[in-house]
>>> print(open('target_6.tsv').read())   # TSV, C-alpha atoms
chain	number	residue	atom	x	y	z
A	518	MET	CA	-26.13	-4.52	-31.11
A	519	ALA	CA	-24.49	-1.23	-30.35
A	520	LEU	CA	-21.64	-1.16	-27.88
A	521	THR	CA	-21.88	1.13	-24.87
A	522	LYS	CA	-18.90	2.81	-23.30
A	523	LEU	CA	-17.90	1.75	-19.82
A	524	LYS	CA	-17.15	4.52	-17.35
A	525	GLY	CA	-14.14	4.28	-15.05
A	526	GLN	CA	-16.29	4.19	-11.95
A	527	ASN	CA	-17.88	0.99	-13.20
A	528	PHE	CA	-14.58	-0.77	-13.90
A	529	ARG	CA	-13.66	-1.86	-10.40
A	530	ALA	CA	-11.19	-4.05	-8.59
A	531	PHE	CA	-12.52	-6.66	-6.18
A	532	VAL	CA	-10.60	-8.00	-3.21
A	533	GLY	CA	-11.96	-10.96	-1.28
A	534	GLY	CA	-15.08	-10.87	-3.44
A	535	SER	CA	-15.97	-7.26	-2.63
A	536	ALA	CA	-15.38	-4.05	-4.52
A	537	VAL	CA	-12.60	-2.01	-2.92
A	538	PRO	CA	-14.51	0.67	-1.00
A	539	GLU	CA	-13.96	4.34	-1.75
A	540	ALA	CA	-11.72	3.42	-4.69
A	541	SER	CA	-10.65	6.21	-6.98
A	542	SER	CA	-8.65	4.36	-9.62
A	543	CYS	CA	-7.52	0.91	-10.56
A	544	GLN	CA	-5.12	-0.56	-13.06
A	545	VAL	CA	-4.92	-4.10	-14.31
A	546	SER	CA	-1.84	-5.41	-16.07
A	547	ILE	CA	-1.19	-8.76	-17.71
A	548	THR	CA	2.28	-9.30	-19.05
A	549	GLY	CA	3.71	-12.10	-21.09
A	550	ASN	CA	7.41	-12.81	-20.83
A	551	MET	CA	8.79	-13.26	-24.28
A	552	GLU	CA	11.87	-15.16	-25.34
A	553	SER	CA	13.51	-15.17	-28.65
A	554	ALA	CA	13.04	-18.47	-30.40
A	555	GLN	CA	15.28	-17.59	-33.26
A	556	THR	CA	17.38	-20.48	-34.48
A	557	LYS	CA	19.40	-21.18	-37.51
A	558	ASP	CA	16.33	-22.90	-38.85
A	559	SER	CA	14.43	-19.62	-38.82
A	560	GLU	CA	14.13	-18.18	-42.24
A	561	GLY	CA	14.39	-14.47	-42.86
A	562	SER	CA	15.81	-11.76	-40.60
A	563	PHE	CA	12.79	-10.93	-38.45
A	564	ASN	CA	12.72	-11.98	-34.82
A	565	GLN	CA	10.31	-14.67	-33.70
A	566	GLU	CA	9.52	-14.63	-29.99
A	567	GLN	CA	7.54	-17.10	-27.93
A	568	MET	CA	5.62	-16.43	-24.72
A	569	THR	CA	7.18	-18.54	-21.99
A	570	SER	CA	5.22	-17.34	-18.94
A	571	ARG	CA	2.53	-14.89	-17.93
A	572	GLY	CA	1.94	-12.74	-14.89
A	573	TRP	CA	-0.63	-10.21	-13.73
A	574	THR	CA	-0.98	-7.36	-11.26
A	575	VAL	CA	-3.80	-5.19	-9.96
A	576	GLN	CA	-3.15	-1.69	-8.60
A	577	VAL	CA	-5.87	0.09	-6.62
A	578	ASP	CA	-5.93	3.61	-5.17
A	579	SER	CA	-8.59	4.46	-2.65
A	580	TYR	CA	-9.68	6.85	0.06
A	581	GLN	CA	-9.72	4.11	2.62
A	582	ALA	CA	-10.26	5.69	5.96
A	583	THR	CA	-11.48	3.59	8.82
A	584	ALA	CA	-9.03	1.97	11.20
A	585	ALA	CA	-10.59	-1.44	10.57
A	586	GLU	CA	-10.09	-1.14	6.80
A	587	LEU	CA	-6.48	-0.01	7.19
A	588	ILE	CA	-5.67	-2.78	9.65
A	589	GLY	CA	-7.23	-5.28	7.26
A	590	VAL	CA	-4.95	-4.16	4.44
A	591	ILE	CA	-1.85	-4.28	6.66
A	592	ASN	CA	-2.78	-7.82	7.67
A	593	GLN	CA	-3.00	-8.75	4.00
A	594	PHE	CA	0.51	-7.36	3.53
A	595	LEU	CA	1.81	-9.37	6.48
A	596	SER	CA	0.26	-12.64	5.36
A	597	ASP	CA	2.01	-15.24	3.24
A	598	ASN	CA	-1.41	-16.36	2.07
A	599	THR	CA	-3.03	-15.05	-1.05
A	600	VAL	CA	-6.34	-13.24	-1.31
A	601	GLU	CA	-8.83	-13.41	-4.15
A	602	VAL	CA	-8.37	-10.39	-6.42
A	603	GLY	CA	-10.15	-9.59	-9.63
A	604	TRP	CA	-11.97	-7.02	-11.66
A	605	ASP	CA	-15.44	-6.65	-13.08
A	606	GLN	CA	-17.98	-4.23	-14.41
A	607	THR	CA	-20.38	-2.88	-11.81
A	608	ASP	CA	-23.94	-1.88	-12.41
A	609	THR	CA	-25.36	1.58	-11.89
A	610	THR	CA	-28.33	0.66	-9.72
A	611	ALA	CA	-29.10	3.54	-7.38
A	612	GLY	CA	-27.96	2.97	-3.82
A	613	THR	CA	-25.34	0.33	-4.67
A	614	GLN	CA	-22.37	2.73	-4.74
A	615	ASN	CA	-21.31	1.16	-8.05
A	616	ARG	CA	-20.17	-1.90	-6.10
A	617	ASN	CA	-22.30	-4.72	-7.51
A	618	ALA	CA	-20.38	-7.07	-9.79
A	619	SER	CA	-22.17	-7.88	-13.01
A	620	ASN	CA	-20.06	-10.78	-14.30
A	621	ALA	CA	-18.98	-8.96	-17.42
A	622	ALA	CA	-17.32	-10.84	-20.23
A	623	PHE	CA	-13.99	-9.29	-19.28
A	624	ALA	CA	-14.27	-10.09	-15.56
A	625	ARG	CA	-11.37	-12.13	-14.24
A	626	SER	CA	-10.13	-13.16	-10.82
A	627	GLY	CA	-7.35	-15.15	-9.24
A	628	ASN	CA	-5.23	-15.43	-6.13
A	629	ALA	CA	-2.72	-12.70	-5.39
A	630	HIS	CA	-0.26	-11.40	-2.83
A	631	LEU	CA	-0.36	-7.83	-1.59
A	632	ILE	CA	3.22	-6.83	-2.36
A	633	ASP	CA	3.19	-3.05	-2.03
A	634	PHE	CA	1.15	-0.41	-0.23
A	635	THR	CA	1.43	3.26	0.67
A	636	LEU	CA	-0.77	4.90	3.27
A	637	THR	CA	-0.73	8.69	3.33
A	638	ALA	CA	-2.28	10.80	6.04
A	639	ASN	CA	-1.54	14.45	5.35
A	640	ASN	CA	-2.97	17.35	7.30
A	641	ARG	CA	-6.28	18.70	5.93
A	642	ALA	CA	-6.34	16.08	3.21
A	643	ASN	CA	-8.14	12.83	2.64
A	644	ILE	CA	-6.42	9.66	3.78
A	645	THR	CA	-5.28	7.70	0.75
A	646	LEU	CA	-4.16	4.14	0.27
A	647	SER	CA	-2.40	2.75	-2.79
A	648	ARG	CA	-1.79	-0.96	-3.09
A	649	GLN	CA	-0.53	-3.43	-5.61
A	650	TYR	CA	-1.43	-7.09	-5.82
A	651	GLN	CA	0.71	-9.59	-7.69
A	652	GLY	CA	-1.11	-12.52	-9.19
A	653	ASN	CA	-0.13	-15.96	-8.00
A	654	GLY	CA	-1.14	-18.46	-10.61
A	655	ALA	CA	-3.89	-18.36	-13.15
A	656	LEU	CA	-6.64	-15.87	-13.84
A	657	SER	CA	-10.02	-17.40	-14.46
B	893	MET	CA	-14.49	10.10	6.03
B	894	ASP	CA	-11.60	10.68	8.39
B	895	LYS	CA	-9.00	13.16	7.27
B	896	GLY	CA	-5.23	12.92	7.34
B	897	GLN	CA	-4.93	14.83	10.60
B	898	HIS	CA	-6.79	12.04	12.34
B	899	ILE	CA	-3.99	9.54	11.73
B	900	ARG	CA	-0.74	10.40	13.47
B	901	LEU	CA	2.68	9.01	14.16
B	902	PHE	CA	3.42	8.50	17.85
B	903	ILE	CA	6.85	7.88	19.30
B	904	VAL	CA	6.67	5.65	22.34
B	905	ASP	CA	8.82	6.61	25.34
B	906	GLY	CA	8.34	3.93	27.92
B	907	SER	CA	4.58	3.88	28.35
B	908	THR	CA	4.05	7.39	26.93
B	909	ASN	CA	2.78	7.85	23.39
B	910	ALA	CA	4.03	11.21	22.14
B	911	ALA	CA	2.75	12.57	18.84
B	912	ILE	CA	5.12	14.44	16.55
B	913	ALA	CA	4.37	18.09	17.36
B	914	MET	CA	2.91	20.21	14.57
B	915	SER	CA	3.19	17.38	12.09
B	916	THR	CA	1.79	17.90	8.61
B	917	ASP	CA	2.40	14.86	6.44
B	918	LEU	CA	2.70	11.14	7.09
B	919	SER	CA	3.15	8.17	4.83
B	920	LEU	CA	3.75	4.51	5.51
B	921	HIS	CA	5.11	2.42	2.67
B	922	GLY	CA	5.38	-1.35	2.76
B	923	SER	CA	7.01	-3.47	0.11
B	924	ALA	CA	7.27	-7.23	-0.20
B	925	GLN	CA	9.93	-9.01	-2.22
B	926	SER	CA	8.42	-11.85	-4.17
B	927	GLU	CA	10.24	-14.57	-6.02
B	928	ASN	CA	8.96	-16.61	-8.89
B	929	SER	CA	8.39	-20.01	-7.31
B	930	THR	CA	7.39	-21.88	-10.42
B	931	THR	CA	9.26	-25.14	-10.86
B	932	LYS	CA	9.02	-28.11	-13.16
B	933	ASP	CA	6.74	-29.61	-10.51
B	934	THR	CA	4.19	-26.85	-11.07
B	935	THR	CA	1.09	-28.34	-12.64
B	936	ASP	CA	0.23	-26.56	-15.83
B	937	VAL	CA	-2.43	-28.59	-17.53
B	938	THR	CA	-3.74	-25.68	-19.54
B	939	GLY	CA	-0.41	-24.67	-20.96
B	940	ALA	CA	-1.19	-21.09	-19.98
B	941	VAL	CA	2.08	-20.90	-18.03
B	942	TRP	CA	0.92	-18.49	-15.32
B	943	ASP	CA	3.67	-17.42	-12.94
B	944	GLU	CA	3.44	-18.28	-9.25
B	945	PHE	CA	5.16	-16.24	-6.56
B	946	GLU	CA	6.11	-16.55	-2.93
B	947	ILE	CA	6.87	-13.69	-0.57
B	948	THR	CA	10.50	-13.92	0.53
B	949	GLY	CA	11.00	-10.66	2.40
B	950	ARG	CA	9.30	-7.48	3.54
B	951	THR	CA	10.43	-3.93	4.25
B	952	TYR	CA	8.68	-0.77	5.29
B	953	ASP	CA	9.48	2.84	6.00
B	954	ILE	CA	7.71	5.85	7.43
B	955	ASN	CA	8.10	9.39	6.15
B	956	PHE	CA	6.83	12.37	8.08
B	957	SER	CA	6.98	16.16	7.90
B	958	ALA	CA	6.38	18.78	10.55
B	959	LEU	CA	6.84	22.42	11.36
B	960	ILE	CA	9.76	23.26	13.64
B	961	ALA	CA	8.59	24.45	17.04
B	962	ALA	CA	10.20	27.64	18.34
B	963	GLY	CA	9.67	26.71	21.94
B	964	THR	CA	9.37	23.46	23.76
B	965	ASP	CA	6.36	21.24	24.08
B	966	SER	CA	6.98	18.48	26.55
B	967	ALA	CA	3.71	16.78	25.61
B	968	ALA	CA	4.90	15.97	22.10
B	969	LYS	CA	7.98	15.05	20.16
B	970	THR	CA	9.69	18.14	18.80
B	971	PHE	CA	12.43	18.75	16.26
B	972	ALA	CA	15.04	18.72	19.04
B	973	ASP	CA	13.81	15.37	20.36
B	974	MET	CA	13.83	13.83	16.91
B	975	LEU	CA	17.37	15.05	16.19
B	976	ALA	CA	18.52	13.10	19.20
B	977	ASN	CA	16.92	10.02	17.80
B	978	VAL	CA	19.04	9.90	14.65
B	979	SER	CA	21.19	7.05	15.80
B	980	ASP	CA	21.55	3.35	15.44
B	981	THR	CA	19.19	2.75	18.33
B	982	VAL	CA	15.66	1.68	17.65
B	983	VAL	CA	12.63	3.78	18.46
B	984	ASN	CA	9.22	2.34	19.17
B	985	TRP	CA	6.47	3.89	17.08
B	986	LYS	CA	2.75	3.63	16.54
B	987	ILE	CA	0.50	4.93	13.80
B	988	ALA	CA	-2.93	5.46	15.28
B	989	MET	CA	-6.20	7.30	15.01
B	990	ALA	CA	-5.91	10.56	16.91
B	991	SER	CA	-8.47	12.74	18.59
B	992	GLY	CA	-8.88	15.18	21.44
B	993	GLU	CA	-6.96	18.38	22.09
B	994	LYS	CA	-4.55	19.10	19.24
B	995	ASN	CA	-5.44	15.68	17.83
B	996	ARG	CA	-2.84	14.14	20.13
B	997	THR	CA	-4.91	11.60	22.02
B	998	ILE	CA	-4.05	8.13	20.79
B	999	GLY	CA	-6.95	5.94	19.78
B	1000	THR	CA	-7.17	2.77	17.76
B	1001	VAL	CA	-3.67	1.68	16.79
B	1002	ILE	CA	-3.47	0.89	13.08
B	1003	CYS	CA	0.04	-0.53	13.22
B	1004	SER	CA	3.19	-0.36	15.29
B	1005	GLY	CA	6.75	-1.53	15.36
B	1006	GLN	CA	10.34	-0.51	15.85
B	1007	GLY	CA	12.48	1.52	13.52
B	1008	LYS	CA	15.60	3.57	13.15
B	1009	LEU	CA	15.41	7.25	12.35
B	1010	THR	CA	17.80	7.40	9.44
B	1011	ASN	CA	17.30	10.89	8.13
B	1012	ILE	CA	16.22	14.33	9.30
B	1013	GLN	CA	16.12	17.20	6.84
B	1014	ALA	CA	15.30	20.73	7.98
B	1015	THR	CA	14.47	23.72	5.80
B	1016	GLY	CA	14.45	27.37	6.76
B	1017	GLN	CA	13.39	29.60	3.88
B	1018	VAL	CA	12.94	33.33	4.34
B	1019	ASN	CA	9.32	34.30	4.95
B	1020	GLN	CA	8.27	30.68	5.24
B	1021	GLN	CA	7.68	28.29	8.07
B	1022	ALA	CA	10.74	26.36	9.14
B	1023	THR	CA	10.02	22.70	8.51
B	1024	TYR	CA	11.66	19.36	8.84
B	1025	SER	CA	11.03	15.89	7.54
B	1026	GLY	CA	12.29	12.51	8.59
B	1027	THR	CA	12.45	8.90	7.61
B	1028	ILE	CA	12.12	5.90	9.89
B	1029	ASN	CA	13.31	2.63	8.45
B	1030	GLY	CA	11.41	-0.33	9.78
B	1031	TYR	CA	13.48	-2.57	12.04
B	1032	GLY	CA	11.89	-5.95	12.51
B	1033	PRO	CA	8.25	-6.79	12.13
B	1034	LEU	CA	5.43	-4.43	11.25
B	1035	LEU	CA	2.60	-5.25	13.63
B	1036	ALA	CA	-1.01	-4.71	12.61
B	1037	GLY	CA	-3.34	-3.25	15.20
B	1038	THR	CA	-6.60	-4.73	16.34
B	1039	VAL	CA	-10.00	-3.15	16.10
>>> encode(input="target_6.tsv", output="structure tokens")
Amino acid sequence: MALTKLKGQNFRAFVGGSAVPEASSCQVSITGNMESAQTKDSEGSFNQEQMTSRGWTVQVDSYQATAAELIGVINQFLSDNTVEVGWDQTDTTAGTQNRNASNAAFARSGNAHLIDFTLTANNRANITLSRQYQGNGALS
Amino acid sequence: MDKGQHIRLFIVDGSTNAAIAMSTDLSLHGSAQSENSTTKDTTDVTGAVWDEFEITGRTYDINFSALIAAGTDSAAKTFADMLANVSDTVVNWKIAMASGEKNRTIGTVICSGQGKLTNIQATGQVNQQATYSGTINGYGPLLAGTV
């Protein structure tokens, strides 16, 4: 079966189970922390590292405009509680605004803290909101 | 979709909400410090060793830019007013939806708080508008508005 290419607009971040509205870009990062496990028992001169922990982040940029949406994001920032964050492929059904999750094989979600945001409101420009979520615990 | 001019920074004097006169740019940046809270008690049955974090601190700052007014405009905060605010005293601020004449009528408050104006930088280039920009460092809690 031939593979089809996924467009950026159909690779979307989801917060609280819903696609981030008016999103323009998203970035998912999973990083493993590596430690050298080299001992005198190791043979040869090449390093041998082991993964000792893993973390993940999701960055989303959007044209988020309404007061209610902005207040909601600020409340996420102020909360010590996590919110469900993930990513998925969305379908291209007309009228859905590319927001319907399709449970793609690469879809993942987990609990995360909103640790960074920037709201910009410049004259004669669209309001923009950038935010970064830091995963707290496992992705599933 | 609302545009940037519909969200403004207001400086609160008593009960008066004064917008920054002839403001052009505004950004609010919040940042949370998180610490890895994983301990030996953390259950890790899968062996996947996912990190867990807790928020241990928060900071925010506000950056704004505006044109320098040649005259005075008592209905708004001008360059002269803001210069006087560069001190160790806190100012009360609100970021809110704006409407009405000159987009200066305060509407739904998105967030508010107190801060210290830590920097003002003015620029006067020949054949260009004289401008200034400032930074307010958050002092104490950032308060979300209500819809």
>>> residues_around(input="target_6.tsv", residues="Lys895 of chain B", least_positions_apart="2", cutoff="8 Å", atoms="only C-alpha atoms", output="PDB file with C-alpha atoms, in the coordinates of the input")
ATOM      1  CA  ALA A 582     -10.260   5.690   5.960  1.00  0.00           C
ATOM      2  CA  ALA A 638      -2.280  10.800   6.040  1.00  0.00           C
ATOM      3  CA  ASN A 639      -1.540  14.450   5.350  1.00  0.00           C
ATOM      4  CA  ASN A 640      -2.970  17.350   7.300  1.00  0.00           C
ATOM      5  CA  ARG A 641      -6.280  18.700   5.930  1.00  0.00           C
ATOM      6  CA  ALA A 642      -6.340  16.080   3.210  1.00  0.00           C
ATOM      7  CA  ASN A 643      -8.140  12.830   2.640  1.00  0.00           C
ATOM      8  CA  ILE A 644      -6.420   9.660   3.780  1.00  0.00           C
TER       9      ILE A 644
ATOM     10  CA  MET B 893     -14.490  10.100   6.030  1.00  0.00           C
ATOM     11  CA  GLN B 897      -4.930  14.830  10.600  1.00  0.00           C
ATOM     12  CA  HIS B 898      -6.790  12.040  12.340  1.00  0.00           C
ATOM     13  CA  ILE B 899      -3.990   9.540  11.730  1.00  0.00           C
TER      14      ILE B 899
END
>>> residues_around(input="target_6.tsv", residues="Thr948 of chain B", least_positions_apart="6", cutoff="12 Å", atoms="all atoms listed in the file", output="VMD selection string")
(chain A and resid 595 to 597 630 632) or (chain B and resid 923 to 929)
>>> closest_atom_pairs(input="target_6.tsv", of="chain A", to="chain B", cutoff="9 Å", atoms="all atoms listed in the file", output="CSV")
residue,atom,partner,partner_atom,distance
A:Met568,CA,B:Val941,CA,8.8
A:Thr569,CA,B:Val941,CA,6.9
A:Ser570,CA,B:Val941,CA,4.8
A:Arg571,CA,B:Trp942,CA,4.7
A:Gly572,CA,B:Asp943,CA,5.4
A:Trp573,CA,B:Asp943,CA,8.4
A:Tyr580,CA,B:Met893,CA,8.3
A:Gln581,CA,B:Met893,CA,8.4
A:Ala582,CA,B:Asp894,CA,5.7
A:Thr583,CA,B:Asp894,CA,7.1
A:Ala584,CA,B:Ile1002,CA,6.0
A:Ala585,CA,B:Val1039,CA,5.8
A:Leu587,CA,B:Ile1002,CA,6.7
A:Ile588,CA,B:Ile1002,CA,5.5
A:Gly589,CA,B:Ala1036,CA,8.2
A:Ile591,CA,B:Ala1036,CA,6.0
A:Asn592,CA,B:Ala1036,CA,6.1
A:Phe594,CA,B:Ala924,CA,7.7
A:Leu595,CA,B:Leu1034,CA,7.8
A:Ser596,CA,B:Ile947,CA,8.9
A:Asp597,CA,B:Ile947,CA,6.4
A:Ala629,CA,B:Phe945,CA,8.7
A:His630,CA,B:Ile947,CA,7.8
A:Leu631,CA,B:Ala924,CA,7.8
A:Ile632,CA,B:Ala924,CA,4.6
A:Asp633,CA,B:Ser923,CA,4.4
A:Phe634,CA,B:Gly922,CA,5.3
A:Thr635,CA,B:His921,CA,4.3
A:Leu636,CA,B:Leu920,CA,5.1
A:Thr637,CA,B:Ser919,CA,4.2
A:Ala638,CA,B:Gly896,CA,3.9
A:Asn639,CA,B:Asp917,CA,4.1
A:Asn640,CA,B:Gln897,CA,4.6
A:Arg641,CA,B:Gly896,CA,6.0
A:Ala642,CA,B:Gly896,CA,5.3
A:Asn643,CA,B:Lys895,CA,4.7
A:Ile644,CA,B:Gly896,CA,5.0
A:Thr645,CA,B:Gly896,CA,8.4
A:Gln651,CA,B:Phe945,CA,8.1
A:Gly652,CA,B:Glu944,CA,7.3
A:Asn653,CA,B:Glu944,CA,4.4
A:Gly654,CA,B:Glu944,CA,4.8
A:Ala655,CA,B:Trp942,CA,5.3
A:Leu656,CA,B:Trp942,CA,8.1
>>> residues_near_point(input="target_6.tsv", point="(-14.4, -7.1, -22.8)", cutoff="12 Å", atoms="only C-alpha atoms", output="list of chain:residue names")
A:Leu520, A:Thr521, A:Lys522, A:Leu523, A:Phe528, A:Trp604, A:Asp605, A:Gln606, A:Asn620, A:Ala621, A:Ala622, A:Phe623, A:Ala624, A:Arg625
>>> atom_distance(input="target_6.tsv", atom1="atom CA of Thr964 of chain B", atom2="atom CA of Ala913 of chain B")
9.7 Å
>>> residues_around(input="target_6.tsv", residues="Ala911 of chain B", least_positions_apart="6", cutoff="6 Å", atoms="only C-alpha atoms", output="PDB file with C-alpha atoms, in the coordinates of the input")
ATOM      1  CA  LEU B 901       2.680   9.010  14.160  1.00  0.00           C
ATOM      2  CA  PHE B 902       3.420   8.500  17.850  1.00  0.00           C
ATOM      3  CA  ALA B 968       4.900  15.970  22.100  1.00  0.00           C
ATOM      4  CA  LYS B 969       7.980  15.050  20.160  1.00  0.00           C
ATOM      5  CA  ARG B 996      -2.840  14.140  20.130  1.00  0.00           C
TER       6      ARG B 996
END
>>> atom_distance(input="target_6.tsv", atom1="atom CA of Gly534 of chain A", atom2="atom CA of Asn628 of chain A")
11.2 Å
>>> atom_distance(input="target_6.tsv", atom1="atom CA of Gln593 of chain A", atom2="atom CA of Thr607 of chain A")
24.2 Å
>>> residues_around(input="target_6.tsv", residues="Phe971 of chain B", least_positions_apart="3", cutoff="7 Å", atoms="all atoms listed in the file", output="PyMOL selection string")
chain B and resi 960-961+974-975
>>> write_last_selection(input="target_6.tsv", atoms="C-alpha atoms", output="PDB file, in the coordinates of the input")
ATOM      1  CA  ILE B 960       9.760  23.260  13.640  1.00  0.00           C
ATOM      2  CA  ALA B 961       8.590  24.450  17.040  1.00  0.00           C
ATOM      3  CA  MET B 974      13.830  13.830  16.910  1.00  0.00           C
ATOM      4  CA  LEU B 975      17.370  15.050  16.190  1.00  0.00           C
TER       5      LEU B 975
END
>>> build_atoms(input="target_6.tsv", residues="segment 917-929 of chain B", atoms="N, CA and C atoms", output="tab-separated table (two decimals), in the frame of the given file")
chain	number	residue	atom	x	y	z
B	917	ASP	N	2.56	15.98	7.38
B	917	ASP	CA	2.40	14.86	6.44
B	917	ASP	C	2.89	13.55	7.07
B	918	LEU	N	2.29	12.47	6.63
B	918	LEU	CA	2.70	11.14	7.09
B	918	LEU	C	2.44	10.14	5.99
B	919	SER	N	3.41	9.29	5.74
B	919	SER	CA	3.15	8.17	4.83
B	919	SER	C	3.85	6.93	5.33
B	920	LEU	N	3.20	5.82	5.16
B	920	LEU	CA	3.75	4.51	5.51
B	920	LEU	C	3.78	3.70	4.23
B	921	HIS	N	4.96	3.20	3.90
B	921	HIS	CA	5.11	2.42	2.67
B	921	HIS	C	5.65	1.04	3.00
B	922	GLY	N	4.93	0.02	2.58
B	922	GLY	CA	5.38	-1.35	2.76
B	922	GLY	C	5.65	-1.99	1.43
B	923	SER	N	6.67	-2.81	1.37
B	923	SER	CA	7.01	-3.47	0.11
B	923	SER	C	7.44	-4.90	0.40
B	924	ALA	N	6.91	-5.82	-0.36
B	924	ALA	CA	7.27	-7.23	-0.20
B	924	ALA	C	8.09	-7.68	-1.41
B	925	GLN	N	9.17	-8.40	-1.12
B	925	GLN	CA	9.93	-9.01	-2.22
B	925	GLN	C	9.29	-10.36	-2.53
B	926	SER	N	9.00	-10.57	-3.78
B	926	SER	CA	8.42	-11.85	-4.17
B	926	SER	C	9.32	-12.52	-5.20
B	927	GLU	N	9.41	-13.82	-5.07
B	927	GLU	CA	10.24	-14.57	-6.02
B	927	GLU	C	9.36	-15.53	-6.80
B	928	ASN	N	9.67	-15.64	-8.06
B	928	ASN	CA	8.96	-16.61	-8.89
B	928	ASN	C	9.25	-18.00	-8.35
B	929	SER	N	8.21	-18.71	-7.94
B	929	SER	CA	8.39	-20.01	-7.31
B	929	SER	C	7.96	-21.15	-8.23
